[in-house]
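Next comes start.pdb, with PDB, C-alpha atoms, pLDDT in the B column.
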```
ATOM      1  CA  MET A  19     112.358 158.244  21.491  1.00 91.00           C
ATOM      2  CA  TYR A  20     114.939 159.868  23.724  1.00 93.00           C
ATOM      3  CA  ARG A  21     117.113 158.532  26.492  1.00 92.00           C
ATOM      4  CA  ILE A  22     117.124 160.637  29.648  1.00 92.00           C
ATOM      5  CA  GLY A  23     120.425 162.362  28.781  1.00 92.00           C
ATOM      6  CA  GLU A  24     119.179 163.353  25.327  1.00 94.00           C
ATOM      7  CA  LEU A  25     115.901 164.614  26.767  1.00 94.00           C
ATOM      8  CA  SER A  26     117.816 166.586  29.376  1.00 94.00           C
ATOM      9  CA  LYS A  27     119.943 168.331  26.745  1.00 95.00           C
ATOM     10  CA  LEU A  28     116.994 169.094  24.462  1.00 94.00           C
ATOM     11  CA  SER A  29     114.763 170.408  27.229  1.00 94.00           C
ATOM     12  CA  LYS A  30     117.485 172.041  29.353  1.00 94.00           C
ATOM     13  CA  VAL A  31     116.028 170.201  32.365  1.00 95.00           C
ATOM     14  CA  SER A  32     118.413 168.215  34.537  1.00 95.00           C
ATOM     15  CA  LYS A  33     118.388 164.431  34.445  1.00 94.00           C
ATOM     16  CA  ARG A  34     117.717 164.460  38.175  1.00 96.00           C
ATOM     17  CA  THR A  35     114.603 166.605  37.683  1.00 95.00           C
ATOM     18  CA  ILE A  36     113.369 164.415  34.812  1.00 95.00           C
ATOM     19  CA  ASP A  37     113.893 161.366  37.013  1.00 94.00           C
ATOM     20  CA  TYR A  38     111.927 163.029  39.826  1.00 95.00           C
ATOM     21  CA  TYR A  39     109.067 163.970  37.486  1.00 95.00           C
ATOM     22  CA  THR A  40     109.023 160.390  36.185  1.00 94.00           C
ATOM     23  CA  LYS A  41     108.840 158.941  39.709  1.00 94.00           C
ATOM     24  CA  MET A  42     106.000 161.375  40.513  1.00 92.00           C
ATOM     25  CA  GLY A  43     104.058 160.238  37.452  1.00 91.00           C
ATOM     26  CA  LEU A  44     104.320 163.569  35.616  1.00 93.00           C
ATOM     27  CA  LEU A  45     106.339 161.990  32.820  1.00 94.00           C
ATOM     28  CA  LYS A  46     105.975 158.571  31.241  1.00 92.00           C
ATOM     29  CA  CYS A  47     108.788 156.459  29.882  1.00 92.00           C
ATOM     30  CA  ASP A  48     109.277 153.039  28.372  1.00 92.00           C
ATOM     31  CA  ARG A  49     111.962 150.718  29.722  1.00 91.00           C
ATOM     32  CA  SER A  50     114.249 148.742  27.434  1.00 89.00           C
ATOM     33  CA  ASN A  51     115.452 145.189  28.136  1.00 90.00           C
ATOM     34  CA  ASN A  52     118.612 146.628  29.676  1.00 88.00           C
ATOM     35  CA  ASN A  53     116.472 148.968  31.844  1.00 87.00           C
ATOM     36  CA  TYR A  54     117.210 152.195  29.958  1.00 89.00           C
ATOM     37  CA  ARG A  55     114.441 154.770  30.056  1.00 90.00           C
ATOM     38  CA  TYR A  56     113.114 155.997  26.722  1.00 94.00           C
ATOM     39  CA  TYR A  57     110.872 159.040  26.504  1.00 94.00           C
ATOM     40  CA  HIS A  58     108.495 159.839  23.657  1.00 93.00           C
ATOM     41  CA  GLU A  59     108.628 163.061  21.641  1.00 92.00           C
ATOM     42  CA  GLU A  60     105.564 164.402  23.488  1.00 93.00           C
ATOM     43  CA  THR A  61     107.610 164.445  26.704  1.00 94.00           C
ATOM     44  CA  LEU A  62     109.260 167.656  25.486  1.00 94.00           C
ATOM     45  CA  ASN A  63     105.812 169.281  25.396  1.00 93.00           C
ATOM     46  CA  ASP A  64     105.050 167.882  28.842  1.00 94.00           C
ATOM     47  CA  LEU A  65     108.224 169.475  30.207  1.00 95.00           C
ATOM     48  CA  LYS A  66     107.260 172.821  28.656  1.00 94.00           C
ATOM     49  CA  LEU A  67     103.803 172.564  30.239  1.00 92.00           C
ATOM     50  CA  ILE A  68     105.346 171.768  33.633  1.00 94.00           C
ATOM     51  CA  GLU A  69     107.593 174.826  33.344  1.00 93.00           C
ATOM     52  CA  GLN A  70     104.667 177.073  32.382  1.00 90.00           C
ATOM     53  CA  CYS A  71     102.590 175.793  35.280  1.00 89.00           C
ATOM     54  CA  GLN A  72     105.455 176.321  37.705  1.00 90.00           C
ATOM     55  CA  GLN A  73     105.708 179.920  36.498  1.00 87.00           C
ATOM     56  CA  MET A  74     102.072 180.254  37.594  1.00 82.00           C
ATOM     57  CA  ASN A  75     103.091 178.991  41.044  1.00 82.00           C
ATOM     58  CA  MET A  76     101.295 175.670  40.688  1.00 84.00           C
ATOM     59  CA  THR A  77     102.462 172.795  42.854  1.00 88.00           C
ATOM     60  CA  LEU A  78     103.652 169.590  41.194  1.00 91.00           C
ATOM     61  CA  HIS A  79     100.480 167.856  42.389  1.00 88.00           C
ATOM     62  CA  GLU A  80      98.342 170.569  40.768  1.00 87.00           C
ATOM     63  CA  ILE A  81     100.399 170.220  37.603  1.00 90.00           C
ATOM     64  CA  LYS A  82      99.870 166.468  37.633  1.00 90.00           C
ATOM     65  CA  ASP A  83      96.108 166.983  37.970  1.00 83.00           C
ATOM     66  CA  ARG A  84      96.170 169.461  35.067  1.00 84.00           C
ATOM     67  CA  MET A  85      98.132 167.040  32.885  1.00 88.00           C
ATOM     68  CA  ILE A  86      95.707 164.234  33.695  1.00 83.00           C
ATOM     69  CA  LEU A  87      92.806 166.498  32.794  1.00 78.00           C
ATOM     70  CA  LEU A  88      94.406 167.568  29.506  1.00 82.00           C
ATOM     71  CA  LYS A  89      95.267 164.018  28.447  1.00 81.00           C
ATOM     72  CA  SER A  90      92.125 162.293  29.651  1.00 76.00           C
ATOM     73  CA  LYS A  91      89.251 161.444  27.362  1.00 72.00           C
ATOM     74  CA  GLN A  92      86.998 160.983  30.382  1.00 70.00           C
ATOM     75  CA  VAL A  93      86.884 163.862  32.831  1.00 69.00           C
ATOM     76  CA  ASP A  94      87.131 163.189  36.551  1.00 70.00           C
ATOM     77  CA  GLN A  95      84.829 165.692  38.237  1.00 78.00           C
ATOM     78  CA  SER A  96      87.026 166.080  41.320  1.00 78.00           C
ATOM     79  CA  VAL A  97      90.087 166.871  39.182  1.00 72.00           C
ATOM     80  CA  LEU A  98      88.042 169.359  37.184  1.00 74.00           C
ATOM     81  CA  GLU A  99      86.785 171.011  40.375  1.00 82.00           C
ATOM     82  CA  LYS A 100      90.397 171.368  41.593  1.00 78.00           C
ATOM     83  CA  GLN A 101      91.315 173.040  38.314  1.00 75.00           C
ATOM     84  CA  VAL A 102      88.395 175.452  38.548  1.00 80.00           C
ATOM     85  CA  LYS A 103      89.351 176.295  42.141  1.00 83.00           C
ATOM     86  CA  HIS A 104      92.954 176.918  41.096  1.00 79.00           C
ATOM     87  CA  ILE A 105      91.861 179.165  38.223  1.00 78.00           C
ATOM     88  CA  ARG A 106      89.514 181.067  40.512  1.00 82.00           C
ATOM     89  CA  ASN A 107      92.352 181.633  43.007  1.00 83.00           C
ATOM     90  CA  GLU A 108      94.694 182.761  40.230  1.00 80.00           C
ATOM     91  CA  MET A 109      92.055 185.166  38.912  1.00 79.00           C
ATOM     92  CA  LYS A 110      91.593 186.611  42.387  1.00 82.00           C
ATOM     93  CA  HIS A 111      95.337 187.056  42.741  1.00 83.00           C
ATOM     94  CA  LEU A 112      95.621 188.662  39.295  1.00 77.00           C
ATOM     95  CA  HIS A 113      92.667 190.919  40.032  1.00 76.00           C
ATOM     96  CA  ASN A 114      94.378 192.167  43.197  1.00 83.00           C
ATOM     97  CA  GLU A 115      97.639 192.745  41.342  1.00 82.00           C
ATOM     98  CA  LEU A 116      95.828 194.513  38.523  1.00 77.00           C
ATOM     99  CA  HIS A 117      94.028 196.752  40.998  1.00 79.00           C
ATOM    100  CA  GLU A 118      97.379 197.720  42.559  1.00 85.00           C
ATOM    101  CA  VAL A 119      98.903 198.435  39.137  1.00 80.00           C
ATOM    102  CA  LEU A 120      95.949 200.555  38.087  1.00 78.00           C
ATOM    103  CA  GLN A 121      96.142 202.551  41.304  1.00 83.00           C
ATOM    104  CA  ALA A 122      99.857 203.126  40.780  1.00 85.00           C
ATOM    105  CA  MET A 123      99.291 204.146  37.156  1.00 81.00           C
ATOM    106  CA  GLU A 124      96.878 206.856  38.278  1.00 84.00           C
ATOM    107  CA  THR A 125      99.819 208.590  39.941  1.00 89.00           C
ATOM    108  CA  LEU A 126     101.789 208.694  36.664  1.00 87.00           C
ATOM    109  CA  GLY A 127     101.707 211.484  34.167  1.00 88.00           C
ATOM    110  CA  ALA A 128     100.180 210.910  30.737  1.00 87.00           C
ATOM    111  CA  GLU A 129     103.533 210.265  29.003  1.00 88.00           C
ATOM    112  CA  ASP A 130     104.733 207.828  31.650  1.00 87.00           C
ATOM    113  CA  ARG A 131     101.388 206.028  31.554  1.00 81.00           C
ATOM    114  CA  LYS A 132     101.677 205.641  27.749  1.00 82.00           C
ATOM    115  CA  ARG A 133     105.223 204.318  28.132  1.00 83.00           C
ATOM    116  CA  VAL A 134     104.073 201.689  30.633  1.00 80.00           C
ATOM    117  CA  LEU A 135     101.132 200.644  28.461  1.00 76.00           C
ATOM    118  CA  LYS A 136     103.429 200.208  25.438  1.00 77.00           C
ATOM    119  CA  GLN A 137     105.310 197.546  27.394  1.00 77.00           C
ATOM    120  CA  VAL A 138     102.131 195.515  27.795  1.00 71.00           C
ATOM    121  CA  SER A 139     101.271 193.191  24.916  1.00 65.00           C
ATOM    122  CA  PRO A 140      97.831 193.378  23.252  1.00 71.00           C
ATOM    123  CA  GLN A 141      97.070 189.895  24.610  1.00 68.00           C
ATOM    124  CA  ALA A 142      97.856 191.017  28.150  1.00 71.00           C
ATOM    125  CA  LEU A 143      95.631 194.070  27.768  1.00 69.00           C
ATOM    126  CA  ALA A 144      92.795 191.849  26.546  1.00 74.00           C
ATOM    127  CA  LEU A 145      93.366 189.549  29.519  1.00 73.00           C
ATOM    128  CA  PHE A 146      93.338 192.511  31.912  1.00 69.00           C
ATOM    129  CA  GLN A 147      90.031 193.667  30.464  1.00 71.00           C
ATOM    130  CA  THR A 148      88.574 190.181  30.705  1.00 72.00           C
ATOM    131  CA  LEU A 149      89.725 189.811  34.306  1.00 67.00           C
ATOM    132  CA  MET A 150      88.142 193.124  35.166  1.00 65.00           C
ATOM    133  CA  VAL A 151      84.846 191.987  33.637  1.00 68.00           C
ATOM    134  CA  PHE A 152      84.833 188.589  35.353  1.00 62.00           C
ATOM    135  CA  SER A 153      86.096 189.734  38.705  1.00 58.00           C
ATOM    136  CA  GLY A 154      83.894 192.763  39.030  1.00 53.00           C
TER     137      GLY A 154
END
```
Go through the file and emit its structure as structure tokens.
Amino acid sequence: MYRIGELSKLSKVSKRTIDYYTKMGLLKCDRSNNNYRYYHEETLNDLKLIEQCQQMNMTLHEIKDRMILLKSKQVDQSVLEKQVKHIRNEMKHLHNELHEVLQAMETLGAEDRKRVLKQVSPQALALFQTLMVFSG
């Protein structure tokens, strides 16, 4: 169990932000008799998930829905539908970006194209191929 200051140092997230996430219901804490907040070890993983979701331009409400879905043993259909809609929108956005990148790559010479492709991880290439299949 961590107090908010310890959690802040470990996660490199400000105490103010942790407090805000707690008030929003993104993070859970236990209160001591003297009203100190104590966070469980899993809170570090929750903070990492929040950061990853924010990098995907998800709102805090979307992140909260995702966290509920991931932690729930019983799936709420409306929350699941929101997640599917978000994923569909992200795929559309990625498809458009991928299309632009592919068009730009066509203007490159063979050596430059190889150099660009070397910067892309094998996982990203597999994702690109999957997106192309699913998005037509």
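Interatomic distance, atom CA of A:Ile86 against atom CA of A:Leu98: 9.9 Å.
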Next item on the list: Write out as a PyMOL selection string the residues lying within 9 Å of stretch 27-37 of chain A, counting all atoms listed in the file and excluding same-chain residues fewer than 6 positions away.
Entry: chain A and resi 45+62+65-66
Margin query: Nearest residue to A:His104 out of A:Arg133, A:Arg84, A:Arg55, A:Lys91, using all atoms listed in the file?
Written below: A:Arg84
Check: For A:His58, which residue out of A:Ala128, A:Leu25, A:Leu112, A:Ala144 is the nearest one, using only C-alpha atoms?
Finding: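 Of all the options, A:Leu25 lies closest to A:His58.
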Next item on the list: Can you work out which one of A:Val138, A:Asn51, A:Leu44, A:Tyr57 has the shortest atom-to-atom distance to A:Tyr20, counting all atoms listed in the file?
Entry: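 Ranked by minimum distance to A:Tyr20, first place goes to A:Tyr57.
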Check: Which distance in Å separates atom CA of A:Val102 and atom CA of A:Gly43, to one decimal?
Finding: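 Atom CA of A:Gly43 lies 21.9 Å from atom CA of A:Val102.
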Next item on the list: Rank A:Leu67, A:Leu135, A:Met85, A:Met76 by their smallest atom-to-atom distance to A:Met123, using all atoms listed in the file, and report the top residue only.
Entry: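 The shortest atom-to-atom distance to A:Met123 comes from A:Leu135.
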Checklist line | Straight-line distance linking atom CA of A:Lys132 with atom CA of A:Glu108, stated in Å to one decimal | finding: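 Those two atoms sit 27.0 Å apart.
When only C-alpha atoms are used to measure the gap to A:Cys47, the shortest distance among A:Asn107, A:Gln72, A:Thr61, A:Asn114 belongs to A:Thr61.
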Report, as lines of an AutoDock Vina configuration file, the centre and edge lengths in Å (one decimal) of the axis-aligned box enclosing every listed atom of stretch 92-105 of chain A, padded by 6 Å on each side.
```
center_x = 88.9
center_y = 170.1
center_z = 36.3
size_x = 20.1
size_y = 30.2
size_z = 23.8
```
